[in-house]
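Have a look at target.cif; it's mmCIF, C-alpha atoms:
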data_structure
#
loop_
_atom_site.label_atom_id
_atom_site.label_comp_id
_atom_site.auth_asym_id
_atom_site.auth_seq_id
_atom_site.Cartn_x
_atom_site.Cartn_y
_atom_site.Cartn_z
CA MET Y 1 0.00 0.00 0.00
CA THR Y 2 2.84 2.42 0.86
CA THR Y 3 4.44 1.79 -2.51
CA TYR Y 4 1.14 2.25 -4.33
CA VAL Y 5 0.33 5.63 -2.75
CA HIS Y 6 3.79 6.89 -3.72
CA LEU Y 7 3.45 5.58 -7.29
CA ALA Y 8 0.06 7.27 -7.62
CA GLY Y 9 1.18 10.53 -5.99
CA ILE Y 10 -1.44 10.32 -3.24
CA GLU Y 11 0.78 10.00 -0.18
CA SER Y 12 0.15 13.52 1.08
CA GLY Y 13 -2.89 15.60 1.92
CA TYR Y 14 -4.43 18.49 0.05
CA GLY Y 15 -4.53 21.29 2.62
CA PHE Y 16 -2.56 23.80 0.58
CA PHE Y 17 -1.82 26.81 2.81
CA ALA Y 18 -4.55 25.67 5.17
CA PRO Y 19 -5.87 26.19 7.74
CA ASN Y 20 -3.11 28.75 8.35
CA VAL Y 21 -0.37 30.17 6.17
CA PRO Y 22 2.88 29.65 8.11
CA GLY Y 23 5.73 32.11 8.35
CA THR Y 24 8.65 31.59 6.01
CA CYS Y 25 11.70 29.83 7.38
CA LYS Y 26 14.99 31.50 6.60
CA LEU Y 27 18.56 30.26 6.65
CA VAL Y 28 21.50 32.63 6.59
CA PHE Y 29 25.14 31.61 6.58
CA GLU Y 30 27.78 33.80 8.20
CA LEU Y 31 31.10 33.04 6.51
CA HIS Y 32 34.17 33.72 8.64
CA TYR Y 33 37.54 34.11 6.91
CA PRO Y 34 41.03 33.76 8.42
CA ASP Y 35 41.68 37.51 8.04
CA GLY Y 36 38.69 38.32 10.23
CA ARG Y 37 36.31 39.20 7.42
CA THR Y 38 32.73 37.97 7.61
CA GLU Y 39 30.07 37.91 4.96
CA SER Y 40 26.52 36.63 4.74
CA GLN Y 41 25.15 34.17 2.22
CA VAL Y 42 21.87 32.40 1.65
CA PRO Y 43 21.46 29.06 -0.17
CA ALA Y 44 21.67 29.99 -3.84
CA VAL Y 45 20.12 28.38 -6.92
CA SER Y 46 19.81 29.55 -10.51
CA SER Y 47 16.09 29.98 -11.06
CA ASN Y 48 12.91 31.03 -9.28
CA ALA Y 49 11.48 27.54 -9.74
CA SER Y 50 14.47 26.04 -7.92
CA GLY Y 51 14.27 28.80 -5.32
CA LEU Y 52 10.72 27.73 -4.54
CA ARG Y 53 12.04 24.24 -3.88
CA VAL Y 54 14.70 25.54 -1.51
CA VAL Y 55 12.04 27.50 0.37
CA THR Y 56 10.01 24.28 0.59
CA LEU Y 57 13.05 22.49 2.02
CA LEU Y 58 13.59 25.19 4.65
CA ASP Y 59 9.93 25.10 5.63
CA LYS Y 60 10.14 21.33 5.98
CA ILE Y 61 13.20 21.31 8.20
CA GLY Y 62 11.60 23.99 10.36
CA ARG Y 63 8.91 21.51 11.38
CA PRO Y 64 9.30 19.60 14.67
CA GLN Y 65 9.25 16.20 12.94
CA TYR Y 66 12.44 17.16 11.11
CA ASP Y 67 14.40 17.78 14.33
CA PRO Y 68 16.73 14.79 13.89
CA LEU Y 69 17.41 15.68 10.25
CA ARG Y 70 17.68 19.44 10.51
CA GLU Y 71 21.30 19.62 11.57
CA LEU Y 72 22.38 17.12 8.91
CA ILE Y 73 20.57 19.01 6.13
CA ILE Y 74 21.89 22.38 7.28
CA LYS Y 75 25.37 20.85 7.38
CA MET Y 76 24.92 19.79 3.74
CA LEU Y 77 23.70 23.26 2.79
CA ALA Y 78 26.67 24.82 4.61
CA LEU Y 79 29.00 22.53 2.71
CA ALA Y 80 27.41 23.63 -0.58
CA VAL Y 81 28.08 27.27 0.36
CA TRP Y 82 31.62 26.46 1.46
CA ARG Y 83 32.41 24.90 -1.92
CA GLU Y 84 31.81 28.33 -3.43
CA HIS Y 85 33.85 30.06 -0.69
CA SER Y 86 36.49 27.50 0.15
CA ASP Y 87 38.75 30.03 1.87
CA ALA Y 88 36.24 30.42 4.69
CA THR Y 89 37.31 28.65 7.86
CA MET Y 90 34.04 28.77 9.73
CA ILE Y 91 30.42 28.97 8.70
CA ARG Y 92 27.71 29.81 11.17
CA ALA Y 93 24.26 28.75 10.02
CA VAL Y 94 21.45 30.79 11.54
CA PHE Y 95 17.99 29.30 11.08
CA GLY Y 96 14.90 31.31 11.88
CA VAL Y 97 11.41 32.16 10.82
CA VAL Y 98 10.22 35.38 9.23
CA MET Y 99 7.18 36.75 11.07
CA LEU Y 100 4.86 38.63 8.75
CA PRO Y 101 2.66 41.49 9.93
CA THR Y 102 -1.07 41.46 9.30
CA ALA Y 103 -2.54 44.05 6.94
CA GLU Y 104 -3.57 46.21 9.91
CA GLU Y 105 -0.14 45.94 11.52
CA PHE Y 106 1.52 46.76 8.20
CA GLU Y 107 -0.72 49.81 7.88
CA HIS Y 108 0.55 50.97 11.28
CA GLY Y 109 4.17 50.65 10.26
CA VAL Y 110 4.95 47.16 11.51
CA ARG Y 111 7.26 45.30 9.13
CA GLU Y 112 8.42 41.70 8.91
CA SER Y 113 10.68 40.48 11.67
CA SER Y 114 12.85 37.43 12.15
CA GLU Y 115 12.64 35.06 15.05
CA PHE Y 116 15.80 33.11 15.84
CA LEU Y 117 15.35 29.34 16.13
CA TYR Y 118 18.67 27.52 15.80
CA SER Y 119 22.33 28.19 15.15
CA TYR Y 120 25.07 25.80 14.08
CA ASP Y 121 28.80 26.39 13.67
CA PHE Y 122 30.79 24.42 11.13
CA ALA Y 123 34.58 24.67 11.01
CA PHE Y 124 36.49 23.98 7.80
CA GLN Y 125 40.16 23.47 7.10
CA PRO Y 126 41.62 25.61 4.32
CA ALA Y 127 43.09 22.51 2.68
CA GLY Y 128 39.57 21.44 1.79
CA SER Y 129 38.86 18.63 4.20
CA LYS Y 130 35.63 19.34 6.00
CA GLN Y 131 35.55 19.20 9.77
CA PRO Y 132 32.16 20.36 10.93
CA ASN Y 133 31.94 21.20 14.62
CA PRO Y 134 28.33 22.04 15.33
CA MET L 1 6.39 18.18 -18.15
CA VAL L 2 8.43 20.12 -20.67
CA LEU L 3 7.92 23.32 -18.65
CA TYR L 4 8.89 21.47 -15.46
CA CYS L 5 12.13 20.31 -17.08
CA LEU L 6 12.94 23.74 -18.50
CA SER L 7 12.20 25.48 -15.20
CA ILE L 8 14.68 23.34 -13.32
CA ARG L 9 17.24 22.84 -16.10
CA LYS L 10 20.07 24.96 -14.68
CA ASP L 11 19.84 23.34 -11.25
CA TRP L 12 18.93 19.81 -12.32
CA THR L 13 22.24 18.15 -11.46
CA TYR L 14 22.90 20.55 -8.55
CA LEU L 15 19.65 19.47 -6.88
CA LEU L 16 19.85 15.78 -7.77
CA THR L 17 23.47 14.77 -7.43
CA GLY L 18 24.62 12.45 -4.68
CA ASN L 19 27.77 14.44 -3.95
CA GLY L 20 28.69 18.05 -4.54
CA GLY L 21 25.18 19.42 -4.85
CA LEU L 22 22.88 21.42 -2.63
CA ILE L 23 21.90 18.45 -0.49
CA SER L 24 22.75 14.84 -1.16
CA ARG L 25 20.27 12.84 -3.18
CA ASN L 26 21.36 9.85 -1.11
CA LEU L 27 19.68 11.32 1.97
CA SER L 28 16.24 11.50 0.32
CA GLU L 29 16.69 8.05 -1.18
CA THR L 30 17.72 6.56 2.16
CA ILE L 31 14.61 7.97 3.80
CA LEU L 32 12.57 6.73 0.84
CA ALA L 33 14.01 3.22 1.16
CA LEU L 34 12.79 3.10 4.75
CA GLU L 35 9.24 3.62 3.48
CA SER L 36 9.46 1.16 0.61
CA PRO L 37 12.33 -0.23 -1.45
CA LEU L 38 10.10 -0.37 -4.54
CA ILE L 39 9.50 3.35 -5.06
CA PRO L 40 11.36 4.52 -8.20
CA ARG L 41 14.44 6.68 -7.63
CA LEU L 42 17.27 8.05 -9.70
CA GLY L 43 19.76 6.00 -7.70
CA TRP L 44 18.61 2.94 -9.65
CA ILE L 45 19.42 4.56 -12.98
CA VAL L 46 22.68 6.06 -11.70
CA GLY L 47 23.70 2.63 -10.36
CA LEU L 48 22.87 1.01 -13.68
CA GLY L 49 24.88 3.64 -15.54
CA GLY L 50 27.76 3.12 -13.13
CA HIS L 51 28.00 -0.50 -14.25
CA LEU L 52 28.37 0.78 -17.81
CA GLY L 53 31.12 3.16 -16.78
CA LEU L 54 29.02 6.32 -17.01
CA SER L 55 29.44 9.13 -14.51
CA GLU L 56 26.63 10.30 -12.27
CA LEU L 57 26.47 13.71 -13.96
CA SER L 58 26.21 12.09 -17.39
CA ILE L 59 23.37 9.88 -16.22
CA LEU L 60 21.50 12.80 -14.63
CA SER L 61 21.82 14.85 -17.82
CA PHE L 62 20.68 11.84 -19.84
CA VAL L 63 17.62 11.48 -17.61
CA TRP L 64 16.79 15.18 -18.10
CA TYR L 65 16.97 14.83 -21.89
CA CYS L 66 14.88 11.65 -21.75
CA LEU L 67 12.26 13.46 -19.67
CA VAL L 68 12.11 16.40 -22.08
CA THR L 69 11.91 14.07 -25.06
CA ALA L 70 9.19 11.96 -23.46
CA GLY L 71 7.30 15.17 -22.59
CA CYS L 72 7.52 16.36 -26.20
CA PHE L 73 6.33 12.96 -27.42
CA LEU L 74 3.37 13.19 -25.06
CA LEU L 75 2.58 16.67 -26.33
CA LEU L 76 2.53 15.41 -29.91
CA GLY L 77 0.93 12.10 -29.07
CA LEU L 78 3.82 10.19 -30.58
CA PHE L 79 4.39 6.71 -29.14
CA SER L 80 1.85 7.76 -26.55
CA ARG L 81 1.91 4.74 -24.25
CA PRO L 82 5.70 4.31 -23.95
CA ALA L 83 6.05 8.09 -23.62
CA ALA L 84 3.44 8.19 -20.84
CA ILE L 85 5.10 5.34 -18.93
CA ALA L 86 8.59 6.82 -19.36
CA THR L 87 7.44 10.28 -18.30
CA TRP L 88 5.66 8.95 -15.22
CA PHE L 89 8.62 6.79 -14.19
CA LEU L 90 11.38 9.37 -14.75
CA HIS L 91 9.40 12.21 -13.21
CA LEU L 92 8.50 10.10 -10.19
CA ALA L 93 12.11 8.97 -9.80
CA ALA L 94 13.33 12.58 -9.94
CA VAL L 95 10.70 13.82 -7.51
CA LYS L 96 11.26 11.01 -5.03
CA SER L 97 15.04 11.38 -5.20
CA ALA L 98 14.60 15.05 -4.35
CA ASP L 99 11.72 14.47 -1.98
CA LEU L 100 13.01 17.02 0.52
CA LEU L 101 12.79 19.65 -2.22
CA SER L 102 9.42 18.63 -3.62
CA TYR L 103 6.05 20.25 -2.99
CA GLY L 104 2.38 19.89 -3.87
CA MET L 105 2.85 20.56 -7.57
CA ASP L 106 5.02 17.46 -7.89
CA ASN L 107 2.35 15.27 -6.29
CA LEU L 108 -0.33 16.63 -8.58
CA THR L 109 1.88 16.05 -11.62
CA THR L 110 2.44 12.46 -10.49
CA ILE L 111 -1.32 12.01 -10.08
CA GLY L 112 -1.94 13.28 -13.61
CA LEU L 113 0.82 11.17 -15.15
CA PHE L 114 -0.31 8.08 -13.26
CA TYR L 115 -3.83 8.30 -14.69
CA LEU L 116 -2.50 9.20 -18.13
CA MET L 117 -0.29 6.13 -18.14
CA LEU L 118 -3.24 3.87 -17.34
CA SER L 119 -5.79 5.53 -19.63
CA PRO L 120 -6.61 4.29 -23.12
CA LEU L 121 -4.10 5.79 -25.54
CA PRO L 122 -3.62 7.29 -28.08
CA ASP L 123 -5.96 10.27 -28.06
CA HIS L 124 -7.84 10.98 -31.28
CA LEU L 125 -5.86 14.22 -31.80
CA SER L 126 -2.48 12.52 -31.42
CA VAL L 127 0.03 11.79 -34.16
CA ASP L 128 -0.37 8.11 -33.31
CA TRP L 129 -4.08 8.30 -34.16
CA GLN L 130 -4.01 10.71 -37.07
CA TRP L 131 -0.90 9.55 -38.92
CA CYS L 132 -0.10 6.08 -37.67
CA LYS L 133 -3.77 5.07 -37.47
CA TRP L 134 -3.15 3.39 -34.12
CA ARG L 135 -6.22 2.85 -31.96
CA PRO L 136 -6.58 2.14 -28.25
CA LYS L 137 -7.20 -1.50 -27.40
CA HIS L 138 -9.65 -0.74 -24.60
CA GLN L 139 -11.24 2.53 -25.53
CA ASP L 140 -14.31 1.61 -23.52
CA LEU L 141 -12.22 2.32 -20.41
CA LEU L 142 -11.75 5.99 -21.31
CA GLY L 143 -14.92 7.01 -19.50
CA PHE L 144 -13.92 4.99 -16.44
CA TRP L 145 -10.50 6.64 -16.14
CA ARG L 146 -11.97 10.08 -16.73
CA ARG L 147 -14.47 9.40 -13.96
CA VAL L 148 -11.64 8.34 -11.62
CA LEU L 149 -9.79 11.59 -12.36
CA GLN L 150 -12.98 13.60 -11.88
CA THR L 151 -13.61 11.94 -8.52
CA HIS L 152 -10.01 12.54 -7.48
CA MET L 153 -10.24 16.23 -8.41
CA CYS L 154 -13.43 16.54 -6.39
CA LEU L 155 -11.74 15.00 -3.34
CA ILE L 156 -8.72 17.28 -3.69
CA TYR L 157 -10.87 20.41 -3.77
CA LEU L 158 -13.24 19.21 -1.07
CA PHE L 159 -10.51 18.52 1.48
CA SER L 160 -8.50 21.57 0.49
CA GLY L 161 -11.60 23.73 0.94
CA ILE L 162 -12.60 22.15 4.25
CA ALA L 163 -9.05 22.57 5.62
CA LYS L 164 -9.13 26.24 4.64
CA CYS L 165 -12.46 27.07 6.23
CA LEU L 166 -11.46 25.44 9.53
CA GLY L 167 -9.21 28.37 10.41
CA PRO L 168 -10.36 31.99 10.78
CA GLY L 169 -7.64 33.21 8.42
CA TRP L 170 -9.54 32.33 5.27
CA TRP L 171 -12.67 34.11 6.57
CA ASN L 172 -11.11 37.45 7.47
CA GLY L 173 -8.58 37.71 4.64
CA THR L 174 -5.53 37.25 6.88
CA ASN L 175 -4.37 34.09 5.14
CA LEU L 176 -4.71 35.59 1.68
CA TRP L 177 -2.67 38.59 2.86
CA ARG L 178 -0.04 36.29 4.37
CA ALA L 179 0.07 34.07 1.27
CA LEU L 180 0.57 37.07 -1.00
CA THR L 181 3.16 38.81 1.19
CA ARG L 182 5.08 35.67 2.13
CA PRO L 183 8.48 35.36 0.45
CA PRO L 184 9.01 34.15 -2.25
CA PHE L 185 5.38 34.66 -3.28
CA ASP L 186 5.42 38.40 -2.64
CA LEU L 187 5.32 39.47 -6.28
CA ILE L 188 2.79 42.17 -5.42
CA SER L 189 4.14 44.72 -2.99
CA ALA L 190 2.44 44.92 0.39
CA GLU L 191 1.74 48.62 -0.23
CA THR L 192 -0.20 47.77 -3.38
CA LEU L 193 -1.99 44.91 -1.68
CA LEU L 194 -3.02 47.17 1.17
CA ARG L 195 -5.24 49.13 -1.21
CA PHE L 196 -7.32 46.00 -1.66
CA LYS L 197 -7.45 44.98 2.00
CA HIS L 198 -11.26 45.17 2.13
CA PHE L 199 -11.41 42.82 -0.83
CA LEU L 200 -9.21 40.17 0.84
CA PRO L 201 -11.91 38.65 3.13
CA ILE L 202 -14.25 38.33 0.16
CA ALA L 203 -11.55 36.71 -1.95
CA GLY L 204 -10.53 34.39 0.92
CA VAL L 205 -14.10 33.17 1.42
CA ALA L 206 -14.54 32.87 -2.35
CA VAL L 207 -11.49 30.59 -2.56
CA TRP L 208 -12.73 28.01 -0.07
CA LEU L 209 -16.32 28.31 -1.28
CA LEU L 210 -15.15 27.54 -4.80
CA GLU L 211 -13.15 24.57 -3.54
CA ILE L 212 -15.82 23.11 -1.26
CA GLY L 213 -18.52 23.72 -3.85
CA TYR L 214 -16.53 22.10 -6.64
CA PRO L 215 -17.47 18.44 -5.96
CA PHE L 216 -21.15 19.36 -5.74
CA ILE L 217 -21.61 22.08 -8.35
CA ILE L 218 -19.44 20.51 -11.04
CA TRP L 219 -22.15 17.90 -11.60
CA GLN L 220 -24.95 20.48 -11.92
CA ARG L 221 -25.79 21.12 -15.54
CA ARG L 222 -26.42 24.86 -15.28
CA LEU L 223 -23.66 25.87 -12.90
CA ARG L 224 -20.77 23.60 -13.80
CA ARG L 225 -19.47 25.68 -16.68
CA PRO L 226 -19.17 28.96 -14.70
CA TRP L 227 -17.82 27.00 -11.70
CA LEU L 228 -15.14 25.32 -13.77
CA ILE L 229 -14.21 28.64 -15.39
CA ALA L 230 -14.04 30.25 -11.93
CA ILE L 231 -11.74 27.49 -10.68
CA LEU L 232 -9.52 27.86 -13.74
CA LEU L 233 -9.38 31.64 -13.22
CA MET L 234 -8.51 31.08 -9.57
CA HIS L 235 -5.52 28.96 -10.57
CA VAL L 236 -4.46 31.45 -13.23
CA GLY L 237 -4.73 34.16 -10.57
CA VAL L 238 -2.60 32.15 -8.14
CA GLY L 239 -0.04 31.61 -10.88
CA ILE L 240 0.17 35.30 -11.79
CA THR L 241 -0.01 36.84 -8.31
CA MET L 242 2.22 34.31 -6.51
CA GLY L 243 4.53 33.29 -9.32
CA MET L 244 3.45 29.65 -9.06
CA TYR L 245 3.19 29.21 -12.80
CA LEU L 246 3.92 25.50 -12.85
CA PHE L 247 1.44 24.73 -10.09
CA ALA L 248 -1.20 26.78 -11.88
CA SER L 249 -0.56 25.11 -15.22
CA VAL L 250 -0.72 21.62 -13.69
CA MET L 251 -4.05 22.41 -12.01
CA VAL L 252 -5.45 23.90 -15.22
CA VAL L 253 -4.40 20.82 -17.20
CA LEU L 254 -5.89 18.43 -14.61
CA ASN L 255 -9.18 20.36 -14.57
CA LEU L 256 -9.38 20.49 -18.34
CA ALA L 257 -8.55 16.79 -18.62
CA ALA L 258 -11.20 15.89 -16.07
CA PHE L 259 -14.06 18.21 -16.94
CA GLY L 260 -13.13 20.17 -20.06
CA PRO L 261 -14.72 17.75 -22.56
CA GLY L 262 -18.46 18.15 -22.38
CA ILE L 263 -18.36 21.37 -20.36
CA LEU L 264 -16.00 23.78 -22.07
CA TRP L 265 -16.06 22.12 -25.46
CA HIS L 266 -18.05 19.42 -27.15
CA ARG L 267 -16.62 16.01 -26.53
CA ARG L 268 -15.91 14.43 -29.86
CA GLN L 269 -17.20 10.90 -30.13
CA ALA L 270 -14.52 9.08 -32.02
CA PRO L 271 -15.46 5.93 -33.90
CA GLY L 272 -15.60 3.10 -31.41
CA ASP L 273 -15.26 5.51 -28.49
CA GLY L 274 -16.71 3.75 -25.50
CA SER L 275 -16.60 6.79 -23.27
CA SER L 276 -20.35 7.20 -23.45
CA PHE L 277 -20.17 6.11 -19.80
CA SER L 278 -18.89 9.59 -19.08
CA GLY L 279 -21.33 11.24 -21.43
CA SER L 280 -24.33 9.52 -19.94
CA MET L 281 -23.57 10.79 -16.46
CA ILE L 282 -22.45 14.25 -17.47
CA PRO L 283 -24.99 15.53 -19.92
CA SER L 284 -23.75 18.01 -22.45
CA PRO L 285 -24.50 21.67 -21.67
CA ASN L 286 -26.72 21.61 -24.70
CA ASN L 287 -28.78 18.72 -23.38
#
Would you give me this structure, written as structure tokens?
Amino acid sequence: MTTYVHLAGIESGYGFFAPNVPGTCKLVFELHYPDGRTESQVPAVSSNASGLRVVTLLDKIGRPQYDPLRELIIKMLALAVWREHSDATMIRAVFGVVMLPTAEEFEHGVRESSEFLYSYDFAFQPAGSKQPNP
Amino acid sequence: MVLYCLSIRKDWTYLLTGNGGLISRNLSETILALESPLIPRLGWIVGLGGHLGLSELSILSFVWYCLVTAGCFLLLGLFSRPAAIATWFLHLAAVKSADLLSYGMDNLTTIGLFYLMLSPLPDHLSVDWQWCKWRPKHQDLLGFWRRVLQTHMCLIYLFSGIAKCLGPGWWNGTNLWRALTRPPFDLISAETLLRFKHFLPIAGVAVWLLEIGYPFIIWQRRLRRPWLIAILLMHVGVGITMGMYLFASVMVVLNLAAFGPGILWHRRQAPGDGSSFSGSMIPSPNN
């Protein structure tokens, strides 16, 4: 039965954005370089369609049932960023959720805010061998 | 399917590789294997290619080209049955191997491809029918499979609508505001949206009313045409305002496949077409 529901595409429910629209999860990487520089990066892809998939991934790992996997997935995402910035020696991954104001709050000047959820530090050796130390 | 492939082309290998990509495909496939070892995945094809000395990147690119080709064949109706099976299998394998990156649109595409693969093929407008003069072996099952898809669409909308009306957010417009201002769907600026804030509760209620009403109204002779058009416009609206073009196009295609014939256009009765089962239960608007 499990195989069949996957083959037919009916393994998940149909409550799109219901009953509530959740806040957007956000992941920011702080890249630390040996000379003391720091810069911020977000997981990058080439198209909007792929970006939507990354947002889906972040929303998934923000859910409680993904607790055991979250660190592993963020570690993989950090590694993907490090490949593009291999001179960085430490990457701090900051995971949070963007809180959106209601229409009334927005009208009164309230803007989106971020709520911190988790942080992970991954250390890298300049030679290229990865040594994550969360 | 062609649009799906083109939309993800630049990131195809980056999202699906086992090593050196965004996240490892092996993670999704390991989780998948815990659920069932029989669910298709790209790892099977990559493993097979490995025995032939082909690299993972080559195999992934090959799969992308196969998917595009199969999608084009489906569009033309050329080798309809093999194309439908290949498209379903390769798409499912790609989606399941990137399960952590997949969302509702992928499930709905799988649903559509699954029914397409099982339905009598070729269609009377296809190259197979027109040029090759091939005919379906069991055309009498066309009505049955259309009815299954219709029932499935009704269930999707019913439960989606019920889930929406359970929370207050779809009554007072809050959820519509949040959906439209939530990154990355915030194509319309919040300042612009604010001008229509009194319209949001009406639109929010209209969305779940349309969805809950779908399984009931779509069978009513007088109301089904405007209801179907309203649902199609809702999906087009979602596509334009939230940038979910693929999701919108998949929903439009599924709706047209399920209810288009007989409601939006006259269903052509091909010689030997046994789909009168469908016609008898859904009288033509002109009846």
**Item:** Residues matched by the PyMOL selection byres ((chain Y) within 9 of (chain L)), written as number ranges by chain
**Value:** Y: 2-4, 6-24, 43-58, 60-61, 73-81, 83, 98, 100-104, 106-107
**Request:** Evaluate the PyMOL selection byres ((chain L and resi 84) around 8) and record the selected residues as JSON, numbers by chain, following the chain and residue labels used in the document.
**Result:** {"L": [70, 74, 80, 81, 82, 83, 85, 86, 87, 88, 113, 116, 117]}
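One finds CA of Leu16 (chain L) at 12.7 Å from CA of Phe62 (chain L).
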**Request:** Please write as a PyMOL selection string the full residue list that the PyMOL selection byres ((chain L and resi 218) around 10) yields on this file.
**Result:** chain L and resi 150+154+213-217+219-228+259+263+282
For those residues, write C-alpha atoms to a file as a PDB file, keeping the file's coordinate frame.
ATOM      1  CA  GLN L 150     -12.980  13.600 -11.880  1.00  0.00           C
ATOM      2  CA  CYS L 154     -13.430  16.540  -6.390  1.00  0.00           C
ATOM      3  CA  GLY L 213     -18.520  23.720  -3.850  1.00  0.00           C
ATOM      4  CA  TYR L 214     -16.530  22.100  -6.640  1.00  0.00           C
ATOM      5  CA  PRO L 215     -17.470  18.440  -5.960  1.00  0.00           C
ATOM      6  CA  PHE L 216     -21.150  19.360  -5.740  1.00  0.00           C
ATOM      7  CA  ILE L 217     -21.610  22.080  -8.350  1.00  0.00           C
ATOM      8  CA  TRP L 219     -22.150  17.900 -11.600  1.00  0.00           C
ATOM      9  CA  GLN L 220     -24.950  20.480 -11.920  1.00  0.00           C
ATOM     10  CA  ARG L 221     -25.790  21.120 -15.540  1.00  0.00           C
ATOM     11  CA  ARG L 222     -26.420  24.860 -15.280  1.00  0.00           C
ATOM     12  CA  LEU L 223     -23.660  25.870 -12.900  1.00  0.00           C
ATOM     13  CA  ARG L 224     -20.770  23.600 -13.800  1.00  0.00           C
ATOM     14  CA  ARG L 225     -19.470  25.680 -16.680  1.00  0.00           C
ATOM     15  CA  PRO L 226     -19.170  28.960 -14.700  1.00  0.00           C
ATOM     16  CA  TRP L 227     -17.820  27.000 -11.700  1.00  0.00           C
ATOM     17  CA  LEU L 228     -15.140  25.320 -13.770  1.00  0.00           C
ATOM     18  CA  PHE L 259     -14.060  18.210 -16.940  1.00  0.00           C
ATOM     19  CA  ILE L 263     -18.360  21.370 -20.360  1.00  0.00           C
ATOM     20  CA  ILE L 282     -22.450  14.250 -17.470  1.00  0.00           C
TER      21      ILE L 282
END
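CA of Thr89 (chain Y) to CA of Glu39 (chain Y) spans 12.1 Å [interatomic distance, one decimal].
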**Request:** Using only C-alpha atoms, find the one residue out of L:Leu125, L:Asn172, L:His266, L:Leu76 that sits nearest to Phe199 (chain L).
**Result:** L:Asn172
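In this structure, CA of Ser189 (chain L) sits 27.0 Å away from CA of Leu117 (chain Y).
For the residues L:Ile202, L:Ala94, L:Ala230, L:Cys132, ranking by smallest atom-to-atom distance to Trp64 (chain L) using only C-alpha atoms places L:Ala94 first.
The shortest atom-to-atom distance to Ser113 (chain Y), with only C-alpha atoms taken into account, belongs to Y:Lys26 out of Y:Lys26, Y:Asp35, Y:Tyr66, Y:Met1.
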To test the calculation: enclose all listed atoms of region 94-104 of chain L in a box whose edges run along x, y and z, add 5 Å on each side, then state centre and edge lengths in Å to one decimal, as lines of an AutoDock Vina configuration file.
center_x = 8.7
center_y = 15.6
center_z = -4.7
size_x = 22.7
size_y = 19.2
size_z = 20.5
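With all atoms listed in the file as the basis for measurement, Y:Ile91 is the residue among Y:Gln65, Y:Thr38, Y:Ile91, Y:Leu31 that approaches Phe122 (chain Y) most closely.
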**Asked** Closest to Phe95 (chain Y) among Y:Arg37, Y:Arg111, Y:His32, Y:Arg70, using only C-alpha atoms?
**Response** Y:Arg70
